[in-house]
>>> print(open('target-v9.cif').read())   # mmCIF, C-alpha atoms
data_protein
#
loop_
_atom_site.label_atom_id
_atom_site.label_comp_id
_atom_site.auth_asym_id
_atom_site.auth_seq_id
_atom_site.Cartn_x
_atom_site.Cartn_y
_atom_site.Cartn_z
CA MET Q 272 58.52 60.84 51.34
CA SER Q 273 58.44 57.45 53.01
CA ILE Q 274 58.64 54.13 51.22
CA GLU Q 275 55.28 53.20 52.71
CA LYS Q 276 53.68 56.28 51.14
CA HIS Q 277 55.23 55.39 47.77
CA ARG Q 278 53.86 51.86 48.08
CA ARG Q 279 50.38 53.13 48.97
CA GLU Q 280 50.38 55.52 46.00
CA SER Q 281 51.10 52.69 43.58
CA GLN Q 282 49.00 49.89 45.11
CA GLU Q 283 46.17 50.30 42.57
CA LEU Q 284 48.53 49.94 39.59
CA ARG Q 285 47.55 46.94 37.47
CA ILE Q 286 50.59 44.83 36.61
CA SER Q 287 51.07 41.96 34.19
CA LEU Q 288 54.05 39.63 34.28
CA CYS Q 289 55.30 37.39 31.48
CA VAL Q 290 57.63 34.43 31.89
CA VAL Q 291 60.36 33.28 29.53
CA VAL Q 292 61.74 29.89 30.55
CA THR Q 293 65.15 29.22 29.02
CA SER Q 294 65.84 25.51 29.12
CA ASP Q 295 67.14 23.15 26.48
CA LYS Q 296 65.52 20.14 28.18
CA VAL Q 297 62.10 21.74 28.65
CA ALA Q 298 62.18 23.09 25.07
CA ARG Q 299 62.92 19.57 23.77
CA GLY Q 300 60.20 18.03 25.94
CA VAL Q 301 62.66 16.01 28.03
CA HIS Q 302 61.57 17.79 31.23
CA VAL Q 303 58.21 19.26 32.18
CA ASP Q 304 58.12 22.99 32.87
CA GLU Q 305 57.54 23.54 36.59
CA VAL Q 306 58.32 27.27 36.58
CA VAL Q 307 55.17 28.65 34.93
CA PRO Q 308 52.78 26.78 37.28
CA THR Q 309 54.84 28.03 40.23
CA VAL Q 310 54.71 31.62 38.95
CA SER Q 311 50.99 31.41 38.26
CA ARG Q 312 50.27 30.19 41.79
CA ILE Q 313 52.37 32.96 43.36
CA LEU Q 314 51.02 35.79 41.19
CA SER Q 315 47.46 35.09 42.31
CA ARG Q 316 48.45 35.97 45.88
CA TYR Q 317 49.68 39.40 44.76
CA ASN Q 318 46.89 40.24 42.31
CA VAL Q 319 49.34 40.30 39.40
CA GLY Q 320 48.23 38.87 36.06
CA LEU Q 321 50.17 36.29 34.08
CA GLY Q 322 50.34 37.99 30.69
CA GLY Q 323 51.99 35.15 28.82
CA HIS Q 324 54.76 32.60 28.89
CA GLU Q 325 57.19 30.92 26.52
CA VAL Q 326 59.82 28.22 26.68
CA VAL Q 327 62.94 28.64 24.55
CA PRO Q 328 66.25 26.79 24.41
CA ASN Q 329 69.43 28.43 25.67
CA ASP Q 330 70.05 30.27 22.42
CA ARG Q 331 70.92 33.98 22.31
CA ASP Q 332 68.79 34.86 19.31
CA LEU Q 333 65.75 32.92 20.50
CA ILE Q 334 65.98 34.49 23.96
CA ILE Q 335 66.20 37.98 22.43
CA GLU Q 336 63.15 37.29 20.26
CA ALA Q 337 61.13 35.85 23.17
CA LEU Q 338 62.09 38.71 25.43
CA ALA Q 339 61.10 41.30 22.81
CA ARG Q 340 57.71 39.64 22.29
CA ASN Q 341 57.02 39.51 26.01
CA LEU Q 342 58.18 43.06 26.65
CA GLU Q 343 55.46 44.14 24.20
CA LYS Q 344 52.78 42.34 26.24
CA CYS Q 345 53.76 42.79 29.88
CA ASP Q 346 54.98 45.32 32.42
CA VAL Q 347 57.46 42.84 33.86
CA VAL Q 348 59.26 39.88 32.33
CA LEU Q 349 60.76 37.09 34.39
CA VAL Q 350 63.46 35.12 32.59
CA SER Q 351 64.01 31.82 34.34
CA GLY Q 352 67.23 29.92 33.65
CA GLY Q 353 70.61 30.70 32.20
CA THR Q 354 72.12 32.35 35.28
CA GLY Q 355 74.89 29.85 35.93
CA LEU Q 356 78.46 29.65 34.74
CA GLY Q 357 78.06 26.98 32.07
CA PRO Q 358 78.66 27.62 28.39
CA ARG Q 359 74.90 27.42 27.61
CA ASP Q 360 73.97 29.84 30.42
CA VAL Q 361 73.48 32.98 28.33
CA SER Q 362 70.26 34.57 29.65
CA VAL Q 363 72.08 37.06 31.89
CA ASP Q 364 74.39 38.12 29.06
CA VAL Q 365 71.49 38.57 26.62
CA VAL Q 366 69.39 40.60 29.05
CA ARG Q 367 72.34 42.70 30.21
CA GLY Q 368 72.86 43.77 26.60
CA MET Q 369 69.27 45.07 26.43
CA CYS Q 370 69.22 46.96 29.75
CA SER Q 371 68.73 50.70 29.94
CA LYS Q 372 69.05 50.82 33.75
CA ASP Q 373 70.51 48.26 36.14
CA ILE Q 374 68.82 47.26 39.39
CA PRO Q 375 71.85 45.82 41.22
CA GLY Q 376 70.07 45.37 44.53
CA PHE Q 377 68.02 42.48 43.16
CA GLY Q 378 71.03 40.30 42.36
CA GLU Q 379 72.80 41.29 45.56
CA LEU Q 380 69.81 40.48 47.75
CA PHE Q 381 68.95 37.31 45.84
CA ARG Q 382 72.48 35.99 46.38
CA TYR Q 383 72.39 37.04 50.05
CA ILE Q 384 69.10 35.23 50.72
CA THR Q 385 70.33 32.22 48.74
CA PHE Q 386 73.51 32.23 50.82
CA GLN Q 387 71.43 32.13 54.00
CA ILE Q 388 69.66 29.00 52.70
CA HIS Q 389 72.33 27.18 50.67
CA GLY Q 390 75.65 28.64 51.79
CA SER Q 391 78.46 29.40 49.40
CA ALA Q 392 76.65 27.82 46.43
CA ALA Q 393 75.05 31.27 46.09
CA LEU Q 394 78.25 32.39 44.36
CA ALA Q 395 77.26 30.40 41.28
CA THR Q 396 74.24 32.52 40.34
CA ARG Q 397 74.46 35.63 38.21
CA ALA Q 398 70.81 36.62 38.79
CA ILE Q 399 70.14 40.20 37.69
CA ALA Q 400 67.38 42.75 37.20
CA CYS Q 401 67.12 45.84 35.05
CA ALA Q 402 64.84 48.14 33.17
CA VAL Q 403 64.43 47.79 29.44
CA ARG Q 404 62.90 51.15 28.56
CA ASP Q 405 59.82 51.38 30.82
CA LYS Q 406 59.60 47.65 31.56
CA LEU Q 407 61.28 45.54 34.24
CA VAL Q 408 63.20 42.33 33.60
CA PHE Q 409 64.31 39.87 36.27
CA VAL Q 410 66.59 36.93 35.49
CA THR Q 411 66.55 34.08 38.01
CA PRO Q 412 67.90 30.56 38.17
CA GLY Q 413 65.63 27.99 36.53
CA SER Q 414 64.53 26.05 39.58
CA PRO Q 415 60.98 26.60 40.85
CA ALA Q 416 62.40 27.16 44.36
CA ALA Q 417 64.66 29.97 43.11
CA VAL Q 418 61.78 31.56 41.21
CA GLU Q 419 59.55 31.37 44.27
CA LEU Q 420 62.25 32.91 46.46
CA ALA Q 421 62.79 35.78 44.02
CA LEU Q 422 59.11 36.51 43.54
CA ASP Q 423 57.98 36.17 47.16
CA LYS Q 424 60.89 37.84 48.91
CA LEU Q 425 61.99 40.50 46.44
CA VAL Q 426 60.03 41.11 43.26
CA LEU Q 427 56.33 41.04 44.08
CA PRO Q 428 56.35 42.98 47.36
CA GLU Q 429 57.88 45.93 45.45
CA ILE Q 430 56.63 45.45 41.90
CA ARG Q 431 54.02 48.20 41.79
CA HIS Q 432 56.33 50.66 43.48
CA LEU Q 433 59.15 49.82 41.05
CA VAL Q 434 56.95 50.14 37.96
CA ALA Q 435 55.50 53.45 39.19
CA GLU Q 436 59.00 54.75 39.89
CA LEU Q 437 60.33 53.64 36.52
CA ARG Q 438 57.45 55.24 34.64
CA GLY Q 439 57.54 58.46 36.62
CA LEU Q 440 54.00 57.86 37.90
CA ARG Q 441 54.54 58.74 41.51
CA ARG Q 442 54.18 62.32 42.62
#
>>> encode(input="target-v9.cif", output="structure tokens")
Amino acid sequence: MSIEKHRRESQELRISLCVVVTSDKVARGVHVDEVVPTVSRILSRYNVGLGGHEVVPNDRDLIIEALARNLEKCDVVLVSGGTGLGPRDVSVDVVRGMCSKDIPGFGELFRYITFQIHGSAALATRAIACAVRDKLVFVTPGSPAAVELALDKLVLPEIRHLVAELRGLRR
């Protein structure tokens, strides 16, 4: 069966996406969150609902709690921030520990596209995606540009197909 047929079969699937922004500065009110407005604008183009959003500091336990809450509400959770190499960048490690299935192509393609734009700086991101039971989780860098790249180029064009596949909904 062709990919196009799989996409057509799942195009009516209603999808909601939640956002968890992990940022010490946004959580403290030092910086304004620019990720959620960016996500909201992009989702409207793909007919995907914004099911909720939270901002938490870069703290393992708080990220786990926020992720659990949002996995209850949404089909897909985008975690923005915490993909770097710094000591406070723990989002990838937290999410990896919750994964039931890896989606390695997301991180590989995200780094490839980032490399095409920014060169070797793409090495610094540990962006990942996986399934947590029957939900999808994507972890991206915290910049609005990185979130937009991930959503527009990778996540949203395939989101219905991926959810249908994960849930065994396609025939």
>>> atom_distance(input="target-v9.cif", atom1="CA of Asp364 in chain Q", atom2="CA of Cys401 in chain Q")
12.2 Å
>>> residues_around(input="target-v9.cif", residues="range 336-351 of chain Q", least_positions_apart="6", cutoff="8 Å", atoms="only C-alpha atoms", output="NGL selection string")
:Q and (286-293 or 306 or 322-325 or 327 or 362 or 405-414 or 418 or 434)
>>> residues_around(input="target-v9.cif", residues="Val303 in chain Q", least_positions_apart="6", cutoff="12 Å", atoms="only C-alpha atoms", output="JSON, numbers by chain")
{"Q": [292, 294, 295, 296, 297, 326, 414, 415]}
>>> closest_residue(input="target-v9.cif", among="Q:Ile374, Q:Val365, Q:Leu440, Q:Ala392", to="Ile335 in chain Q", atoms="only C-alpha atoms")
Q:Val365
>>> atom_distance(input="target-v9.cif", atom1="CA of Ser371 in chain Q", atom2="CA of Val307 in chain Q")
26.4 Å
>>> atom_distance(input="target-v9.cif", atom1="CA of Ile384 in chain Q", atom2="CA of Leu425 in chain Q")
9.8 Å
>>> closest_residue(input="target-v9.cif", among="Q:Val426, Q:Val366, Q:Ala402, Q:Ala417", to="Asp332 in chain Q", atoms="all atoms listed in the file")
Q:Val366
>>> closest_residue(input="target-v9.cif", among="Q:Asp330, Q:Glu379, Q:Glu429, Q:Asp373", to="Pro358 in chain Q", atoms="only C-alpha atoms")
Q:Asp330
>>> closest_atom_pairs(input="target-v9.cif", of="range 306-364 of chain Q", to="range 419-423 of chain Q", cutoff="8 Å", atoms="all atoms listed in the file", output="CSV")
residue,atom,partner,partner_atom,distance
Q:Thr309,CA,Q:Glu419,CA,7.0
Q:Val310,CA,Q:Glu419,CA,7.2
Q:Ile313,CA,Q:Glu419,CA,7.4
>>> write_last_selection(input="target-v9.cif", atoms="C-alpha atoms", output="CSV table (one decimal), in the coordinates of the input")
chain,number,residue,atom,x,y,z
Q,309,THR,CA,54.8,28.0,40.2
Q,310,VAL,CA,54.7,31.6,39.0
Q,313,ILE,CA,52.4,33.0,43.4
>>> residues_around(input="target-v9.cif", residues="Val363 in chain Q", least_positions_apart="3", cutoff="9 Å", atoms="only C-alpha atoms", output="PDB file with C-alpha atoms, keeping the file's coordinate frame")
ATOM      1  CA  VAL Q 350      63.460  35.120  32.590  1.00  0.00           C
ATOM      2  CA  GLY Q 352      67.230  29.920  33.650  1.00  0.00           C
ATOM      3  CA  GLY Q 353      70.610  30.700  32.200  1.00  0.00           C
ATOM      4  CA  THR Q 354      72.120  32.350  35.280  1.00  0.00           C
ATOM      5  CA  GLY Q 355      74.890  29.850  35.930  1.00  0.00           C
ATOM      6  CA  ASP Q 360      73.970  29.840  30.420  1.00  0.00           C
ATOM      7  CA  VAL Q 366      69.390  40.600  29.050  1.00  0.00           C
ATOM      8  CA  ARG Q 367      72.340  42.700  30.210  1.00  0.00           C
ATOM      9  CA  GLY Q 368      72.860  43.770  26.600  1.00  0.00           C
ATOM     10  CA  ARG Q 397      74.460  35.630  38.210  1.00  0.00           C
ATOM     11  CA  ALA Q 398      70.810  36.620  38.790  1.00  0.00           C
ATOM     12  CA  ILE Q 399      70.140  40.200  37.690  1.00  0.00           C
ATOM     13  CA  VAL Q 410      66.590  36.930  35.490  1.00  0.00           C
ATOM     14  CA  THR Q 411      66.550  34.080  38.010  1.00  0.00           C
TER      15      THR Q 411
END
>>> closest_residue(input="target-v9.cif", among="Q:Gln282, Q:Ser315, Q:Thr396, Q:Ser391", to="Gly378 in chain Q", atoms="only C-alpha atoms")
Q:Thr396
